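Enquirer: Sharing a structure below in structure tokens format, with a few things to ask.
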Amino acid sequence: MIEFQDVGVVYAGSDSPALTGVSLSVAPGQWVALLGANGSGKSTLARLANALILPTTGAVHVDGMDTRDESVVWDVRSRVGLVQQSPENQIVGTIAEEDVAFGPENLGIPTAELRTRVDAALSAVGLDGFQRREPHLLSEGQKQRLAIAGALAMRPAYLVLDEPTAMLDGTGRADVLAIVRSLRASGVGILHITHHLADIASADRAAVLDSGAIVFEGTPADLFADPGRVRRLGIGLPPMTTLVSVLRERGHAVPATTVEAESLVESLWPS
Amino acid sequence: MRVPVSFGQYVPVASAVHTLDAKTKMGLVASFTAGIFLVDGFPGMGVMGLVVVLAVALSRVPPRIAVRGVRALSFILTFTLLAHALRWNPATVALVRLGPLAIDGPGLAEGLFFAVRIVLLVVGTSLLTLTTTPVQLTDGLERVMRPLEIVRFPAGEVAMMLTIALRFIPTTAQEAEKIIIAQTARGARFDEGGPIRRARAFVPVLVPLFVNLFRRAEELALAMESRCYRGGAGRTRLNVSAMTVTDWSVLAIGTLVLVGIGLAL
Amino acid sequence: MALVAQGAGYAYAADTRFRVDALREVDFEVVPGELVVVAGTTGSGKSTLLRLLAGLLEPTEGLVSVDGIAPTLRAARGSVALVFQNPETQFFAETVLADVAFGPRNLGSADPHAAAREALTAVGLDPDVFGPRSPFTLSGGEARRVAIAGALAMKAGYLLLDEPTAGLDARGCRDVVDAVVAERDRAGVVVVTHDPEDFLCHADRVVALSAGSVVISVPPSELTHRHAQYESSGLRLPEVVRAQILARQRGAALTGVEFDPRAAGVLLAESLGAPR
């Protein structure tokens, strides 16, 4: 479990806190979505999860380990993988396989096992056969999937994704979300940070961060069912959600989390 | 306007030289350098020339590309030649005379000897980068530098720095090109006025390029730390290049021959 | 008066065996007062088209003209302005005002600062508040709008934008869309994007590009009839529009198509009648 307990963060040289009183948990096999506008403190939260930032007040525990305990910091980081928004800036290797190997190499994994892990991680993100490809020749979507493979090769129990789809087009976005779903099924706990409400319709839980504090916690359905509130929190409402809310106001039975045209039509005009 | 990228001059053809381990090639380059400095006469230099021609042929690198590095040295070559050939009022029979300055036979021979040495040295050593990928090169370098760790030389870290530099050269070149085009679209001119005006014209390119590089560096550092990078100690490697029997024999025979030529001729 | 491409094609490395045809026989036109959305996936040739229109590349076939003149780099300056993807990564000046004034100053404007102030106002940023600030301290949406102002300040007759809303949050997105749509009063506007949803309801025409060729060029209202063609180019119509197309296929009696999600909801609700 990743547990944030009443966490506050104040950056040196800043008067206002980046986070205040944040409590949140992510269990293995659980997909937790964290929404918030730019500047709401989302990235700070992501970095707390693997001890890149330490809480000023409160505590962050990963499987019982306190991130402030210096003796467990590498344990924490090998258990919590982090994928950031810009894929370009987190790729270290000059070819794909070397980048994926970077994390496990740092952990001192023997060479024979490295090969297995690298090939498995590339396969898990649909990049089979890209082993020797140079990163600058990949599309943005492929780069982001490579970054995810790099985190997966460390066999983390949790994955923190900080706006993983922000730079991607429709296909790239769908690919990343499919990977998230399959990782959840394989038991990885996921903290998915985003400002796209449409991305999180099938998440297990959702929380909203506003000016450094958690202002909503519940299921995605609760969030989708209250469009007015979502808008007030500065999060973009998917156009489909607006459409669905009109239908729901008029008494039509459509699930609030409907974001795809197919499922909407299926519930209104069943075949 | 394009950013000239002269890096990555690796020539991807299949040859015996390409399949040699990077460390073998580094060793041979070292022996070759020693040999060519030990040679002290035209016969020896001639044999070294044959060695270089043979190596280029074996590497299957087009000769045109193999000698490309020499062109950049034309100034140094001319300088070397003249510095040795020109004499002040020589007692010997001059071939050409310009007032008190003159070129005589022995001077010209000496100048030629040193110029040929530079040419052979450049062509011979550039075969290393022409037949070895940057990845193999940094790996090889790390292994070669490893003994220096005894005297606390950070071989792993230096190799990592080289790797990251190689990784970001194409990215940075792409970005520079993008910024140049964008500022051109805003009316910037890079080919007008004198040298100072031209240099100033690049401010709108260099500032964003460096701002982005620093931002990149910061994010990359975080990404590396979150992937448990803590220096070279305790790291394993995915691709470990091992020296084969062939490598060892080529290295041993090559070194004997190259240094032998140097000592004998 | 129009920015036109006629049978325009562009091939990279045209004279070598590495020749890549990025664009083939493209006919395209935008007139002042018009907003045209060019939709295409990665590699469809949309960025190449943008560079041809801006005079940054010369077509290897056909021709491109701005108000009757071929836009070589020199001629295009001042008549076509181009905003690249993530333009905020090109900031260099110490203040927002100086950065926005860069374009007009290069064009030899008599008063670049006045042009910069006007452009900032046009994108909804108060020049007195934002002008003296460092461009490196702005929020995502503000930075994007300042970069767009940098193009507007050149007072070009045509404004071209590459993925203007990419990576912005909801608020930043809305502000940028408003600023871009408002420009239609002063110029012909071309928006190139892989996801035209934000601009669709404002667009006069949608041009879909695929593998370097124009697949369709229609007013948005006709997209519902041509959706198969549109989606064959790897693009996806907005879910709100797809919902109406699918509903019609299932027998819902719908007339026309709504791009506004609220109006679309009302349209669907009306065709359903009272809830069962």
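For the structure tokens, the naming scheme is as follows: chains receive sequential letters (A, B, ...) according to their order of presentation, residues are indexed from 1 within each chain, and ligands are indexed from 1 in presentation order.
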Got a sec to pull out which chain A residues are within 10 Å of chain C, counting only C-alpha atoms, and send them as a PyMOL selection string?
Expert: chain A and resi 36-39+85+139-140+163+165-171+194-196+231+234-253+259-266+268-271
Enquirer: Output as a count of residues only the set of chain B residues within 7 Å of chain C, with distances taken over only C-alpha atoms.
Expert: 10
Enquirer: DSSP on the backbone, helix (DSSP H, G or I) only: what residues of stretch 82-197 of chain B does that give? Format it as a ChimeraX atom specification.
Expert: /B:82-85,105-131,134-151,155-185,195-197
Enquirer: What is the atom CA of C:Glu222 to atom CA of C:Lys46 distance in Å?
Expert: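 Between these atoms lies a distance of 21.3 Å.
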Enquirer: Can you check which parts of chain B lie within 9 Å of chain A? Per residue, the shortest pair of atoms and distance in Å to one decimal, counting only C-alpha atoms, sorted by chain and number, as CSV.
Expert:
residue,atom,partner,partner_atom,distance
B:Pro134,CA,A:Thr94,CA,8.6
B:Val135,CA,A:Thr94,CA,7.0
B:Thr163,CA,A:Thr94,CA,6.8
B:Ile164,CA,A:Val92,CA,6.2
B:Leu166,CA,A:Thr94,CA,6.8
B:Arg167,CA,A:Thr94,CA,4.7
B:Phe168,CA,A:Thr94,CA,8.4
B:Pro170,CA,A:His136,CA,6.9
B:Thr171,CA,A:His136,CA,6.3
B:Arg215,CA,A:Asn89,CA,8.8
B:Arg216,CA,A:Asn89,CA,5.5
B:Ala217,CA,A:Asn89,CA,7.6
B:Glu218,CA,A:Asn89,CA,8.8
B:Glu219,CA,A:Asn89,CA,6.0
B:Leu220,CA,A:Gln90,CA,5.1
B:Ala221,CA,A:Gln90,CA,8.3
B:Leu222,CA,A:Leu52,CA,7.3
B:Ala223,CA,A:Gln90,CA,5.3
B:Met224,CA,A:Gln90,CA,7.3
B:Glu225,CA,A:Leu52,CA,7.6
B:Ser226,CA,A:Arg77,CA,5.8
B:Arg227,CA,A:Gly103,CA,4.9
B:Cys228,CA,A:Asn106,CA,5.9
B:Tyr229,CA,A:Asn106,CA,5.5
B:Arg230,CA,A:Asn106,CA,7.3
B:Gly231,CA,A:Asn106,CA,8.3
B:Gly232,CA,A:Asn106,CA,8.1
B:Ala233,CA,A:Asn106,CA,8.6
B:Gly234,CA,A:Gly108,CA,5.6
B:Arg235,CA,A:Asn106,CA,4.8
B:Thr236,CA,A:Glu105,CA,4.7
B:Arg237,CA,A:Glu105,CA,5.8
B:Leu238,CA,A:Thr111,CA,5.3
B:Asn239,CA,A:Thr111,CA,7.6
B:Val240,CA,A:Thr111,CA,8.0
Enquirer: The selected residues should be written to file as a compact mmCIF listing (two decimals), in the first residue's frame (atoms: N, CA and C atoms).
Expert:
# COMPACT_ATOMS: atom_id res chain seq x y z
N PRO B 134 28.45 4.42 -31.28
CA PRO B 134 28.69 5.19 -30.06
C PRO B 134 28.44 4.36 -28.80
N VAL B 135 27.43 3.50 -28.85
CA VAL B 135 27.12 2.68 -27.68
C VAL B 135 28.28 1.74 -27.36
N THR B 163 27.27 8.61 -22.34
CA THR B 163 26.04 8.01 -22.86
C THR B 163 24.94 9.05 -22.97
N ILE B 164 24.77 9.84 -21.91
CA ILE B 164 23.70 10.84 -21.91
C ILE B 164 23.97 11.90 -22.97
N LEU B 166 25.54 11.47 -25.75
CA LEU B 166 25.21 10.85 -27.04
C LEU B 166 23.71 10.78 -27.24
N ARG B 167 22.99 10.45 -26.15
CA ARG B 167 21.55 10.32 -26.21
C ARG B 167 20.91 11.65 -26.61
N PHE B 168 21.43 12.76 -26.10
CA PHE B 168 20.75 14.03 -26.29
C PHE B 168 21.28 14.86 -27.45
N PRO B 170 21.22 14.13 -30.79
CA PRO B 170 20.21 14.27 -31.85
C PRO B 170 18.99 15.07 -31.40
N THR B 171 18.56 14.87 -30.15
CA THR B 171 17.41 15.62 -29.63
C THR B 171 17.68 17.12 -29.66
N ARG B 215 16.02 22.66 -18.36
CA ARG B 215 14.78 22.05 -17.88
C ARG B 215 14.86 20.53 -18.08
N ARG B 216 15.35 20.16 -19.26
CA ARG B 216 15.53 18.76 -19.59
C ARG B 216 16.45 18.07 -18.59
N ALA B 217 17.58 18.74 -18.29
CA ALA B 217 18.56 18.16 -17.39
C ALA B 217 17.94 17.92 -16.01
N GLU B 218 17.14 18.89 -15.57
CA GLU B 218 16.52 18.77 -14.26
C GLU B 218 15.56 17.57 -14.22
N GLU B 219 14.72 17.47 -15.26
CA GLU B 219 13.77 16.37 -15.30
C GLU B 219 14.48 15.03 -15.44
N LEU B 220 15.55 15.02 -16.24
CA LEU B 220 16.29 13.79 -16.45
C LEU B 220 16.92 13.32 -15.14
N ALA B 221 17.44 14.29 -14.37
CA ALA B 221 18.06 13.93 -13.09
C ALA B 221 17.03 13.27 -12.17
N LEU B 222 15.81 13.86 -12.14
CA LEU B 222 14.75 13.27 -11.32
C LEU B 222 14.40 11.87 -11.80
N ALA B 223 14.29 11.74 -13.13
CA ALA B 223 13.92 10.44 -13.70
C ALA B 223 14.98 9.39 -13.35
N MET B 224 16.26 9.78 -13.41
CA MET B 224 17.33 8.84 -13.12
C MET B 224 17.32 8.44 -11.65
N GLU B 225 17.07 9.45 -10.81
CA GLU B 225 17.03 9.16 -9.38
C GLU B 225 15.87 8.23 -9.05
N SER B 226 14.72 8.48 -9.69
CA SER B 226 13.56 7.63 -9.39
C SER B 226 13.76 6.23 -9.94
N ARG B 227 14.72 6.06 -10.86
CA ARG B 227 15.03 4.72 -11.35
C ARG B 227 16.29 4.19 -10.66
N CYS B 228 16.50 4.70 -9.44
CA CYS B 228 17.52 4.15 -8.53
C CYS B 228 18.96 4.32 -9.00
N TYR B 229 19.25 5.34 -9.83
CA TYR B 229 20.64 5.56 -10.20
C TYR B 229 21.38 6.18 -9.01
N ARG B 230 22.46 5.56 -8.60
CA ARG B 230 23.24 6.12 -7.49
C ARG B 230 24.72 5.96 -7.78
N GLY B 231 25.10 6.29 -8.99
CA GLY B 231 26.51 6.20 -9.36
C GLY B 231 26.82 4.84 -9.94
N GLY B 232 28.05 4.66 -10.36
CA GLY B 232 28.44 3.46 -11.09
C GLY B 232 28.53 2.20 -10.23
N ALA B 233 28.73 2.36 -8.91
CA ALA B 233 28.98 1.20 -8.05
C ALA B 233 27.77 0.28 -8.01
N GLY B 234 28.00 -1.01 -8.17
CA GLY B 234 26.93 -2.00 -8.02
C GLY B 234 26.05 -2.14 -9.24
N ARG B 235 26.36 -1.40 -10.32
CA ARG B 235 25.54 -1.51 -11.53
C ARG B 235 25.94 -2.74 -12.32
N THR B 236 24.94 -3.38 -12.90
CA THR B 236 25.22 -4.45 -13.85
C THR B 236 24.94 -3.88 -15.23
N ARG B 237 25.28 -4.64 -16.28
CA ARG B 237 25.03 -4.14 -17.63
C ARG B 237 24.28 -5.16 -18.46
N LEU B 238 23.34 -4.65 -19.26
CA LEU B 238 22.58 -5.52 -20.15
C LEU B 238 23.49 -6.08 -21.24
N ASN B 239 24.20 -5.17 -21.89
CA ASN B 239 25.05 -5.60 -22.99
C ASN B 239 26.51 -5.58 -22.56
N VAL B 240 27.03 -6.74 -22.25
CA VAL B 240 28.44 -6.82 -21.89
C VAL B 240 29.17 -7.36 -23.10
Enquirer: So which residues touch B:Ser126 within 9 Å, counting only C-alpha atoms, skipping near sequence neighbours fewer than 4 positions away, as an MDAnalysis selection string?
Expert: chainID B and resid 66:67 69 121:122 130:131
Enquirer: Include C-alpha atoms and write out the residues we just selected as a compact mmCIF listing (two decimals), in the first residue's frame.
Expert:
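So the final result, stored in out-v9.txt, reads:
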# COMPACT_ATOMS: atom_id res chain seq x y z
CA ALA B 66 37.71 7.51 -44.51
CA VAL B 67 39.80 10.51 -45.64
CA GLY B 69 38.77 14.04 -41.62
CA LEU B 121 47.29 9.22 -37.89
CA VAL B 122 43.95 10.90 -38.65
CA LEU B 130 33.80 4.90 -38.34
CA THR B 131 33.44 1.20 -37.51
Enquirer: Hey, what does DSSP flag as strand (DSSP E) within stretch 29-221 of chain A? Can you give it to me as a ChimeraX atom specification?
Expert: /A:31-35,57-62,65-66,80-83,158-162,189-194,205-210,213-218
Enquirer: Just to be explicit: take each residue in the selection above, keep C-alpha atoms, and write the result as a compact mmCIF listing (two decimals), in the first residue's frame.
Expert:
# COMPACT_ATOMS: atom_id res chain seq x y z
CA TRP A 31 -6.24 2.22 -10.09
CA VAL A 32 -6.49 5.53 -8.27
CA ALA A 33 -6.97 8.63 -10.39
CA LEU A 34 -5.89 12.02 -9.15
CA LEU A 35 -7.30 15.00 -11.00
CA THR A 57 4.55 17.48 7.73
CA GLY A 58 2.74 14.15 7.91
CA ALA A 59 4.20 11.00 6.40
CA VAL A 60 4.28 8.84 3.28
CA HIS A 61 4.56 5.07 3.71
CA VAL A 62 5.23 2.52 0.99
CA MET A 65 8.39 1.91 4.87
CA ASP A 66 8.60 5.58 5.82
CA VAL A 80 7.31 2.64 -6.86
CA GLY A 81 7.94 3.38 -10.53
CA LEU A 82 7.46 6.95 -11.75
CA VAL A 83 6.60 7.98 -15.30
CA TYR A 158 3.15 0.48 -7.82
CA LEU A 159 3.32 2.80 -10.77
CA VAL A 160 2.87 6.55 -10.52
CA LEU A 161 1.92 8.11 -13.86
CA ASP A 162 2.21 11.90 -13.91
CA GLY A 189 -1.24 -0.45 -7.93
CA ILE A 190 -1.58 2.69 -10.05
CA LEU A 191 -1.66 6.33 -9.10
CA HIS A 192 -2.72 8.08 -12.28
CA ILE A 193 -2.39 11.84 -12.30
CA THR A 194 -4.21 13.71 -15.07
CA ARG A 205 -11.19 5.52 -7.19
CA ALA A 206 -10.87 9.20 -7.99
CA ALA A 207 -9.60 12.15 -5.99
CA VAL A 208 -9.46 15.82 -6.94
CA LEU A 209 -6.67 18.13 -5.88
CA ASP A 210 -7.30 21.87 -5.77
CA ALA A 213 -5.71 20.08 -0.88
CA ILE A 214 -7.90 17.09 -1.66
CA VAL A 215 -11.40 18.42 -2.25
CA PHE A 216 -13.08 15.26 -3.47
CA GLU A 217 -12.60 11.57 -2.97
CA GLY A 218 -14.90 8.86 -4.21
Enquirer: What's the separation between atom CA of B:Leu101 and atom CA of B:Phe37, in Å to one decimal place?
Expert: 29.2 Å
Enquirer: Could you check the closest approach to C:Asp175 for each of C:Val129, C:Ala143, C:Leu49, C:Val191 and tell me which residue wins, using only C-alpha atoms?
Expert: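 Selected residue with least distance to C:Asp175: C:Ala143.
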